[in-house]
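Written out below as structure tokens is the structure these notes cover.
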Amino acid sequence: LALHQINMDIYAKKVTALIGPSGCGKSTFLRCLNRMNDTIPGTRVTGQVLLNEQDINATDIDLANLRQRVGMVFQKPNPFPQSIFDNVAFGPRVVGMATKLNKLQEIVEHSLAQAAIWDDVRDHLKESALSLSLGQQQRLCIARLLAVKPDVILMDEPASALDPIATLKIEDLIAELKQNYTIVIVTHNMQQAGRVSDFTGLFWLGELIEYAPTSKIFTRPDQQITEDYITGRMG
């Protein structure tokens with residue numbers, strides 16, 4: 001049993017950070033939000049996850065549509081071994097958002113601009129995405145996600161493989177994106193959670209110990225275990 005008795009509201013156009021030690025269920029919970037856990041044989045889920053009042057665990061849910069609406073950015077950048085342009089154009093092509101080249105070009109440019117990487121790559125769109133730095137690759141992956149117009153963005157330690165400068169760019173990008181998107185981020189970095197999030201939840205051994213506005217979690221938590229984890233006495 002990986003998770004039990006989890007009950008929380010995730011607020012629209014806010015950043016929710018999930019913190020806690022390794023193996024406590026943060027990433028497992030994140031993957032519940034777009035049913036990525038379905039890809040693991042033998043996985044069973046009980047309870048409801050409501051997106052706009054619709055239970056995403058219902059049997060009649062279109063998983064492709066769900067994962068378009070609730071996209072994920074992984075810990076390590078995973079660009080396709082294609083050109084920068086084709087990486088971002090991949091989703092719109094597959095879901096039929098654009099059939100004409102000029103419309104596709106418009107979507108690609110807009111998505112790259114949203115991900116704060118357009119100025120870096122505007123003259124290199126035909127070059128391989130694998131030629132980019134790790135930080136640029138991660139922002140490209142975010143642009144690829146934005147191209148299919150999601151409602152929710154899930155981020156599983158999106159900056160853990162990046163240097164401090166690239167990490168700062170990702171954090172600045174999160175602050176910009178929350179104006180239009182609901183974001184849930186898993187992070188081991190307490191300072192990062194404090195900087196980027198509006199709400200924070202502490203997971204511990206598969207349970208949600210405490211969930212509150214980030215300012216409260218970091219200054220006057222209700223639970224002793226939360227204070228001990230935040231201050232480094234546990235975990």
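Residue names in the structure tokens use chain letters A, B, ... in the order shown, residue numbers from 1 in each chain, and ligand numbers from 1 in the order shown.
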
Margin query: I need the strand (DSSP E or B) residues of region 3-194 of chain A per DSSP on the backbone, written as a ChimeraX atom specification.
Written below: /A:15-19,50-51,54-55,70-73,83,128,152-156,182-186

Practice item. Return the single residue from A:Leu3, A:Ala12, A:Ile61, A:Leu145 that is closest to Lys26 (chain A), with distances computed using only C-alpha atoms. Key: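 That would be A:Leu3, the residue with the smallest distance to Lys26 (chain A).
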
Listing only residues of region 19-53 of chain A within 9 Å of region 150-160 of chain A, what is the closest atom pair and its distance in Å (to one decimal) for each, using only C-alpha atoms, sorted by chain and residue number ascending, as JSON lines?
```
{"residue": "A:Lys26", "atom": "CA", "partner": "A:Asp156", "partner_atom": "CA", "distance": 8.8}
{"residue": "A:Ser27", "atom": "CA", "partner": "A:Asp156", "partner_atom": "CA", "distance": 6.6}
{"residue": "A:Leu30", "atom": "CA", "partner": "A:Leu154", "partner_atom": "CA", "distance": 6.9}
{"residue": "A:Arg31", "atom": "CA", "partner": "A:Leu154", "partner_atom": "CA", "distance": 8.5}
{"residue": "A:Leu33", "atom": "CA", "partner": "A:Leu154", "partner_atom": "CA", "distance": 8.2}
{"residue": "A:Asn34", "atom": "CA", "partner": "A:Leu154", "partner_atom": "CA", "distance": 8.7}
```

Exercise. CA of Leu134 (chain A) to CA of Thr167 (chain A): how many Å, to one decimal?
Worked result: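 One can read the CA of Leu134 (chain A) to CA of Thr167 (chain A) distance as 10.3 Å.
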
Q.
as a count of residues only, please: the residues near Lys103 (chain A) (cut-off 12 Å, only C-alpha atoms, same-chain neighbours under 4 positions excluded).
A. 12

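Distance check against Ile183 (chain A) using only C-alpha atoms: of A:Ala64, A:Glu171, A:Cys24, A:Ile209, the minimum falls on A:Glu171.
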
* Among region 5-173 of chain A, which ones does DSSP place in alpha helix (DSSP H), written as a ChimeraX atom specification? -> /A:26-32,63-69,84-95,101-114,118-121,134-146,164-173

- Near Gln82 (chain A), counting only C-alpha atoms, which residues have an atom at most 7 Å away, once you skip same-chain residues fewer than 4 positions from it, shown as JSON, numbers by chain? {"A": [86, 87, 128, 129]}

Skipping near chain neighbours, those fewer than 2 positions away, what residues fall within 9 Å of Val196 (chain A) using only C-alpha atoms, listed as number ranges by chain? A: 15-17, 171-172, 174-175, 191-194, 198

Notebook entry, point to check: Closest to Gly135 (chain A) among A:His188, A:Lys76, A:Arg67, A:Lys178, using only C-alpha atoms?
Noted result: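 Distance minimum relative to Gly135 (chain A) lands on A:Lys76.
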
task = Could you please determine the separation between CA of Glu210 (chain A) and CA of Thr182 (chain A) in Å, to one decimal place?
result =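 Rounded to one decimal, the two atoms are 20.2 Å apart.
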
request  = Would you mind reading off the distance between CA of Val88 (chain A) and CA of Ile56 (chain A), one decimal, in Å?
outcome  =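 Interatomic distance here is 26.0 Å.
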
Worksheet item: Can you tell me, as a list of chain:residue names, what residues are no more than 10 Å from Arg139 (chain A) when counting only C-alpha atoms, ignoring any on the same chain fewer than 6 positions away?
Response: A:Val73, A:Pro77, A:Pro79, A:Leu112, A:Gln114, A:Ala115, A:Ala116, A:Ile117, A:Trp118, A:Ser133, A:Leu145, A:Pro158, A:Ala166, A:Lys169, A:Ile170, A:Leu173

Item checked: Residue neighbourhood Ile19 (chain A), 9 Å, only C-alpha atoms, exclusion window fewer than 4 positions, as a PyMOL selection string -> chain A and resi 26+185-190+193+200-204

Check the smallest atom-to-atom distance from each of A:Leu18, A:Gln75, A:Ser111, A:Gly47 to Val148 (chain A) using only C-alpha atoms, then report the winner.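 Under the stated criterion, the closest residue is A:Ser111.
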